[in-house]
Each structure stands twice: as C-alpha cells, then as structure tokens.
>>> print(open('model.txt').read())   # compact mmCIF, C-alpha atoms
# COMPACT_ATOMS: atom_id res chain seq x y z
CA ASN A 119 21.97 30.12 -67.97
CA GLY A 120 19.60 29.98 -65.02
CA SER A 121 15.89 29.40 -64.49
CA THR A 122 13.08 31.84 -63.76
CA MET A 123 11.08 29.02 -62.11
CA SER A 124 8.11 29.92 -64.33
CA GLY A 125 8.38 33.56 -63.28
CA LEU A 126 8.61 32.94 -59.55
CA THR A 127 12.00 34.65 -59.31
CA THR A 128 10.61 37.85 -60.86
CA LEU A 129 7.50 37.76 -58.69
CA ALA A 130 9.46 37.16 -55.47
CA LYS A 131 12.21 39.74 -56.06
CA PRO A 132 10.35 42.78 -54.55
CA PHE A 133 9.43 40.76 -51.44
CA LEU A 134 12.52 38.63 -50.97
CA PRO A 135 15.83 40.48 -51.45
CA ASP A 136 17.67 37.18 -51.83
CA GLY A 137 15.05 35.86 -54.25
CA VAL A 138 13.48 32.48 -53.60
CA THR A 139 16.66 31.23 -51.89
CA ALA A 140 15.25 32.21 -48.48
CA ILE A 141 12.34 29.82 -49.09
CA THR A 142 14.09 27.00 -50.96
CA ALA A 143 17.44 26.75 -49.14
CA PRO A 144 16.10 25.12 -45.96
CA ILE A 145 14.41 22.46 -48.09
CA THR A 146 16.78 21.91 -51.02
CA GLY A 147 20.04 23.41 -49.88
CA PRO A 148 21.73 26.14 -51.93
CA ALA A 149 21.40 24.52 -55.37
CA VAL A 150 17.91 25.76 -56.31
CA GLY A 151 18.72 29.34 -55.38
CA GLN A 152 22.02 29.16 -57.22
CA GLN A 153 20.24 28.09 -60.41
CA MET A 154 17.93 31.11 -60.47
CA VAL A 155 18.37 33.84 -63.07
CA GLY A 156 20.12 36.77 -61.41
CA SER A 157 21.70 34.79 -58.56
CA HIS A 158 25.29 35.65 -57.69
CA PHE A 159 26.31 32.11 -58.70
CA MET A 160 24.64 32.34 -62.16
CA ASN A 161 25.96 35.85 -62.76
CA GLU A 162 29.51 34.67 -62.08
CA LEU A 163 29.07 31.50 -64.12
CA ASN A 164 27.60 33.35 -67.10
CA LYS A 165 30.65 35.62 -67.34
CA HIS A 166 32.41 32.71 -69.03
CA PRO A 167 31.68 30.71 -72.21
CA ASN A 168 29.54 27.63 -71.59
CA THR A 169 31.31 25.48 -74.17
CA SER A 170 34.91 24.54 -74.96
CA PRO A 171 36.71 23.89 -78.25
CA GLY A 172 36.97 20.25 -79.28
CA VAL A 173 33.84 19.13 -77.42
CA THR A 174 30.48 18.06 -78.88
CA TYR A 175 27.43 19.04 -76.81
CA VAL A 176 23.89 17.71 -77.15
CA VAL A 177 21.24 19.68 -75.24
CA LEU A 178 17.65 18.41 -75.11
CA VAL A 179 14.82 20.69 -73.97
CA SER A 180 11.04 20.52 -74.00
CA PRO A 181 8.41 23.28 -73.98
CA ASP A 182 6.55 21.19 -71.36
CA ASP A 183 9.37 21.80 -68.87
CA THR A 184 8.17 24.02 -66.03
CA GLN A 185 11.35 23.73 -63.94
CA ALA A 186 14.00 24.96 -66.36
CA THR A 187 12.29 28.12 -67.61
CA PRO A 188 12.22 29.53 -70.12
CA TYR A 189 12.79 26.07 -71.51
CA LYS A 190 15.28 27.23 -74.16
CA SER A 191 17.47 28.77 -71.44
CA GLY A 192 19.30 25.44 -71.43
CA PHE A 193 20.64 26.04 -74.93
CA LEU A 194 24.39 26.51 -75.18
CA LYS A 195 26.36 29.00 -77.26
CA PRO A 196 29.14 27.34 -79.22
CA VAL A 197 32.62 28.78 -79.17
CA LYS A 198 34.91 28.35 -82.16
CA GLY A 199 35.89 24.71 -82.38
CA SER A 200 32.97 23.32 -80.38
CA LYS A 201 29.95 21.54 -81.83
CA VAL A 202 26.55 22.19 -80.24
CA TYR A 203 23.20 20.54 -80.95
CA ASN A 204 20.47 22.51 -79.18
CA VAL A 205 17.38 20.33 -79.68
CA ASP A 206 13.79 21.20 -78.80
CA VAL A 207 12.63 17.58 -78.60
CA LYS A 208 8.97 18.27 -79.33
CA GLY A 209 9.61 20.77 -82.13
CA TYR A 210 12.44 18.93 -83.83
CA CYS A 211 10.75 15.53 -83.66
CA HIS A 212 7.24 16.86 -84.43
CA VAL A 213 5.81 15.42 -81.22
CA PRO A 214 2.03 15.86 -80.87
CA ALA A 215 0.98 18.49 -78.32
CA ASP A 216 -0.84 15.90 -76.19
CA HIS A 217 2.39 13.88 -75.74
CA GLU A 218 3.89 15.66 -72.74
CA ILE A 219 7.62 15.57 -72.10
CA ASP A 220 8.37 17.51 -68.94
CA HIS A 221 11.64 18.07 -67.07
CA SER A 222 11.54 14.71 -65.33
CA ASP A 223 10.60 12.84 -68.52
CA LEU A 224 13.54 13.88 -70.68
CA HIS A 225 15.62 10.88 -69.59
CA ILE A 226 12.83 8.27 -69.88
CA ASP A 227 10.60 9.37 -72.75
CA PRO A 228 11.12 7.05 -75.78
CA ILE A 229 11.53 9.97 -78.21
CA ALA A 230 14.01 11.75 -75.95
CA LEU A 231 15.81 8.45 -75.32
CA SER A 232 16.22 8.05 -79.06
CA LEU A 233 17.90 11.46 -79.18
CA ILE A 234 20.07 10.61 -76.17
CA TYR A 235 21.16 7.40 -77.89
CA TRP A 236 21.91 9.37 -81.05
CA GLY A 237 23.84 11.95 -79.02
CA VAL A 238 26.16 9.48 -77.33
CA SER A 239 26.57 7.27 -80.40
CA TYR A 240 26.59 9.50 -83.49
CA SER A 241 26.73 13.21 -82.64
CA THR A 242 30.47 13.48 -83.29
CA TYR A 243 30.21 12.07 -86.83
CA LYS A 244 30.79 14.49 -89.68
CA ASN A 245 27.55 16.15 -90.86
CA ALA A 246 25.57 14.34 -88.15
CA LEU A 247 21.98 15.48 -87.58
CA PRO A 248 19.86 14.55 -84.54
CA ASN A 249 17.76 11.46 -85.19
CA CYS A 250 14.32 11.11 -83.59
CA ALA A 251 13.78 7.50 -84.56
CA MET A 252 16.87 5.55 -83.59
CA ARG A 253 16.36 1.94 -82.55
CA LEU A 254 16.89 1.50 -78.86
>>> encode(input="model.txt", output="structure tokens")
Amino acid sequence: NGSTMSGLTTLAKPFLPDGVTAITAPITGPAVGQQMVGSHFMNELNKHPNTSPGVTYVVLVSPDDTQATPYKSGFLKPVKGSKVYNVDVKGYCHVPADHEIDHSDLHIDPIALSLIYWGVSYSTYKNALPNCAMRL
C-alpha cells in the first residue's frame, strides 16, 4: 500500500516534484521511491487487489515500525476466497510498551517469531487464530 516514511513524503512533495526519489535513488536505487505513497509504481499496483482466492496470508506489523508508515499500511484486504490474518504484534499479543519491535526486529523478535511459526505451520487450519506463545 506504500509508506509515508514517517511523513517525509508529504513534507518533501512541495520541494521535490518526484518526492524523495531524487534523494534516495542514488543511494538505494529505485525501490525506496517506488514504495512511497503516491508514487507511480504504488498507484499502478494499488489499482489491483492485493490478495488472491485460495491463498492464506499472514501479515505482521508493529507500531514501533518507523519505516513502513503508517504501520498498518501493510495490512491486506481479502478478496472472496482468500484468508487474511492482519496482526498487530504488540496489540494482539499484549506486548509491554517498553518491549520495542521495530521494522528490522519483526523477523528476529521471539514474540514475532512465534507468530511467524504459527503462520507457516497452522494458519491454514480451519478456525485457526494467531498464537503468540508457540514453542519454537
């Protein structure tokens, strides 16, 4: 769905007609600019559904994420026949505020890992619900 880069895209728009791409492209290549809300790439991509029938999706997000912003922009919209689990890791698992799970931590944090394990092992089961305390 695209990222606002914590508002940087909105702030830069009046000064940089191409958004932050002019700044980021020499460093990161086109990918960062393409992921920005309002980019030509995202506008074209968002014209289509982001899920397909017959597929189970597990999306993990964290309010501590400052790269994919707003953090819930990663949530998917299910189409008929798809199954989508949009999980706010900290909210769903009642993680204390002082336990930070940022963008780079989602694949290594023990709580998030538990959800990842659940997602690849059990998410397709009938009436499955995300599990915050799976044994790893």
>>> atom_distance(input="model.txt", atom1="CA of Ser170 in chain A", atom2="CA of Gly151 in chain A")
25.9 Å
>>> atom_distance(input="model.txt", atom1="CA of Pro167 in chain A", atom2="CA of Lys198 in chain A")
10.7 Å
>>> atom_distance(input="model.txt", atom1="CA of Gln185 in chain A", atom2="CA of Ser121 in chain A")
7.3 Å
>>> residues_around(input="model.txt", residues="Asp206 in chain A", least_positions_apart="4", cutoff="6 Å", atoms="only C-alpha atoms", output="ChimeraX atom specification")
/A:179-180,210
>>> write_last_selection(input="model.txt", atoms="C-alpha atoms", output="mmCIF file, in the frame of the given file")
data_model
loop_
_atom_site.group_PDB
_atom_site.id
_atom_site.type_symbol
_atom_site.label_atom_id
_atom_site.label_comp_id
_atom_site.auth_asym_id
_atom_site.auth_seq_id
_atom_site.Cartn_x
_atom_site.Cartn_y
_atom_site.Cartn_z
ATOM 1 C CA VAL A 179 14.820 20.690 -73.970
ATOM 2 C CA SER A 180 11.040 20.520 -74.000
ATOM 3 C CA TYR A 210 12.440 18.930 -83.830
#
>>> closest_residue(input="model.txt", among="A:Asp183, A:Thr122, A:Lys190, A:Val197", to="Met160 in chain A", atoms="all atoms listed in the file")
A:Thr122
>>> residues_around(input="model.txt", residues="range 236-247 of chain A", least_positions_apart="2", cutoff="10 Å", atoms="only C-alpha atoms", output="PDB file with C-alpha atoms, in the frame of the given file")
ATOM      1  CA  VAL A 173      33.840  19.130 -77.420  1.00  0.00           C
ATOM      2  CA  THR A 174      30.480  18.060 -78.880  1.00  0.00           C
ATOM      3  CA  TYR A 175      27.430  19.040 -76.810  1.00  0.00           C
ATOM      4  CA  VAL A 176      23.890  17.710 -77.150  1.00  0.00           C
ATOM      5  CA  VAL A 177      21.240  19.680 -75.240  1.00  0.00           C
ATOM      6  CA  LEU A 178      17.650  18.410 -75.110  1.00  0.00           C
ATOM      7  CA  LYS A 201      29.950  21.540 -81.830  1.00  0.00           C
ATOM      8  CA  VAL A 202      26.550  22.190 -80.240  1.00  0.00           C
ATOM      9  CA  TYR A 203      23.200  20.540 -80.950  1.00  0.00           C
ATOM     10  CA  ALA A 230      14.010  11.750 -75.950  1.00  0.00           C
ATOM     11  CA  LEU A 231      15.810   8.450 -75.320  1.00  0.00           C
ATOM     12  CA  SER A 232      16.220   8.050 -79.060  1.00  0.00           C
ATOM     13  CA  LEU A 233      17.900  11.460 -79.180  1.00  0.00           C
ATOM     14  CA  ILE A 234      20.070  10.610 -76.170  1.00  0.00           C
ATOM     15  CA  ASN A 249      17.760  11.460 -85.190  1.00  0.00           C
ATOM     16  CA  CYS A 250      14.320  11.110 -83.590  1.00  0.00           C
ATOM     17  CA  ALA A 251      13.780   7.500 -84.560  1.00  0.00           C
ATOM     18  CA  MET A 252      16.870   5.550 -83.590  1.00  0.00           C
ATOM     19  CA  ARG A 253      16.360   1.940 -82.550  1.00  0.00           C
ATOM     20  CA  LEU A 254      16.890   1.500 -78.860  1.00  0.00           C
TER      21      LEU A 254
END
>>> closest_residue(input="model.txt", among="A:Thr169, A:Asn119, A:Thr142, A:Asn204", to="Gly156 in chain A", atoms="all atoms listed in the file")
A:Asn119
>>> closest_residue(input="model.txt", among="A:Pro188, A:Gly147, A:Gly120, A:Gly209", to="Asn161 in chain A", atoms="all atoms listed in the file")
A:Gly120
>>> decode(input="model.txt", residues="range 241-253 of chain A", atoms="all heavy atoms", output="tab-separated table (two decimals), in the first residue's frame")
chain	number	residue	atom	x	y	z
A	241	SER	N	-1.72	-21.59	10.11
A	241	SER	CA	-2.67	-20.57	9.67
A	241	SER	C	-3.72	-21.08	8.70
A	241	SER	O	-4.78	-20.49	8.56
A	241	SER	CB	-1.93	-19.38	9.05
A	241	SER	OG	-1.22	-19.79	7.90
A	242	THR	N	-3.47	-22.16	8.02
A	242	THR	CA	-4.44	-22.68	7.05
A	242	THR	C	-5.46	-23.62	7.69
A	242	THR	O	-6.40	-24.05	7.04
A	242	THR	CB	-3.73	-23.41	5.90
A	242	THR	OG1	-2.95	-24.47	6.43
A	242	THR	CG2	-2.85	-22.45	5.12
A	243	TYR	N	-5.27	-23.96	8.97
A	243	TYR	CA	-6.21	-24.85	9.63
A	243	TYR	C	-7.56	-24.15	9.81
A	243	TYR	O	-7.63	-22.94	9.99
A	243	TYR	CB	-5.70	-25.26	11.01
A	243	TYR	CG	-4.55	-26.22	11.01
A	243	TYR	CD1	-3.78	-26.46	9.88
A	243	TYR	CD2	-4.20	-26.90	12.16
A	243	TYR	CE1	-2.71	-27.34	9.90
A	243	TYR	CE2	-3.12	-27.78	12.19
A	243	TYR	CZ	-2.40	-27.99	11.05
A	243	TYR	OH	-1.34	-28.86	11.08
A	244	LYS	N	-8.62	-24.92	9.80
A	244	LYS	CA	-9.96	-24.38	9.99
A	244	LYS	C	-10.06	-23.72	11.36
A	244	LYS	O	-9.61	-24.28	12.36
A	244	LYS	CB	-11.00	-25.49	9.86
A	244	LYS	CG	-12.41	-25.00	9.90
A	244	LYS	CD	-13.41	-26.10	9.67
A	244	LYS	CE	-14.80	-25.50	9.72
A	244	LYS	NZ	-15.82	-26.45	9.40
A	245	ASN	N	-10.64	-22.53	11.40
A	245	ASN	CA	-10.84	-21.75	12.63
A	245	ASN	C	-9.54	-21.41	13.35
A	245	ASN	O	-9.53	-21.22	14.56
A	245	ASN	CB	-11.80	-22.45	13.59
A	245	ASN	CG	-13.15	-22.68	12.96
A	245	ASN	OD1	-13.68	-21.82	12.27
A	245	ASN	ND2	-13.72	-23.85	13.18
A	246	ALA	N	-8.44	-21.37	12.63
A	246	ALA	CA	-7.14	-21.04	13.24
A	246	ALA	C	-7.15	-19.58	13.71
A	246	ALA	O	-7.71	-18.71	13.08
A	246	ALA	CB	-6.02	-21.25	12.23
A	247	LEU	N	-6.50	-19.33	14.84
A	247	LEU	CA	-6.30	-17.98	15.35
A	247	LEU	C	-4.80	-17.81	15.63
A	247	LEU	O	-4.17	-18.73	16.11
A	247	LEU	CB	-7.09	-17.74	16.64
A	247	LEU	CG	-8.61	-17.68	16.48
A	247	LEU	CD1	-9.28	-17.57	17.83
A	247	LEU	CD2	-9.01	-16.50	15.59
A	248	PRO	N	-4.25	-16.62	15.34
A	248	PRO	CA	-2.83	-16.42	15.62
A	248	PRO	C	-2.48	-16.75	17.06
A	248	PRO	O	-3.27	-16.49	17.98
A	248	PRO	CB	-2.64	-14.92	15.34
A	248	PRO	CG	-3.71	-14.59	14.36
A	248	PRO	CD	-4.88	-15.44	14.75
A	249	ASN	N	-1.33	-17.35	17.25
A	249	ASN	CA	-0.89	-17.79	18.57
A	249	ASN	C	0.41	-17.09	18.93
A	249	ASN	O	1.42	-17.22	18.23
A	249	ASN	CB	-0.70	-19.31	18.55
A	249	ASN	CG	-0.44	-19.87	19.92
A	249	ASN	OD1	0.22	-19.26	20.75
A	249	ASN	ND2	-0.98	-21.04	20.17
A	250	CYS	N	0.40	-16.35	20.02
A	250	CYS	CA	1.55	-15.57	20.47
A	250	CYS	C	2.56	-16.38	21.27
A	250	CYS	O	3.63	-15.90	21.57
A	250	CYS	CB	1.09	-14.39	21.31
A	250	CYS	SG	-0.01	-13.27	20.45
A	251	ALA	N	2.21	-17.59	21.64
A	251	ALA	CA	3.08	-18.32	22.55
A	251	ALA	C	3.41	-19.73	22.05
A	251	ALA	O	3.46	-20.67	22.83
A	251	ALA	CB	2.42	-18.41	23.92
A	252	MET	N	3.65	-19.86	20.77
A	252	MET	CA	4.02	-21.16	20.23
A	252	MET	C	5.44	-21.50	20.72
A	252	MET	O	6.25	-20.63	20.91
A	252	MET	CB	4.02	-21.15	18.71
A	252	MET	CG	2.67	-20.88	18.08
A	252	MET	SD	1.47	-22.18	18.33
A	252	MET	CE	2.26	-23.53	17.49
A	253	ARG	N	5.70	-22.78	20.86
A	253	ARG	CA	7.07	-23.21	21.20
A	253	ARG	C	7.90	-23.19	19.93
A	253	ARG	O	7.49	-23.69	18.90
A	253	ARG	CB	7.05	-24.63	21.76
A	253	ARG	CG	6.50	-24.69	23.13
A	253	ARG	CD	6.70	-26.06	23.66
A	253	ARG	NE	6.76	-25.93	25.10
A	253	ARG	CZ	7.17	-26.87	25.88
A	253	ARG	NH1	7.62	-27.98	25.39
A	253	ARG	NH2	7.18	-26.70	27.17
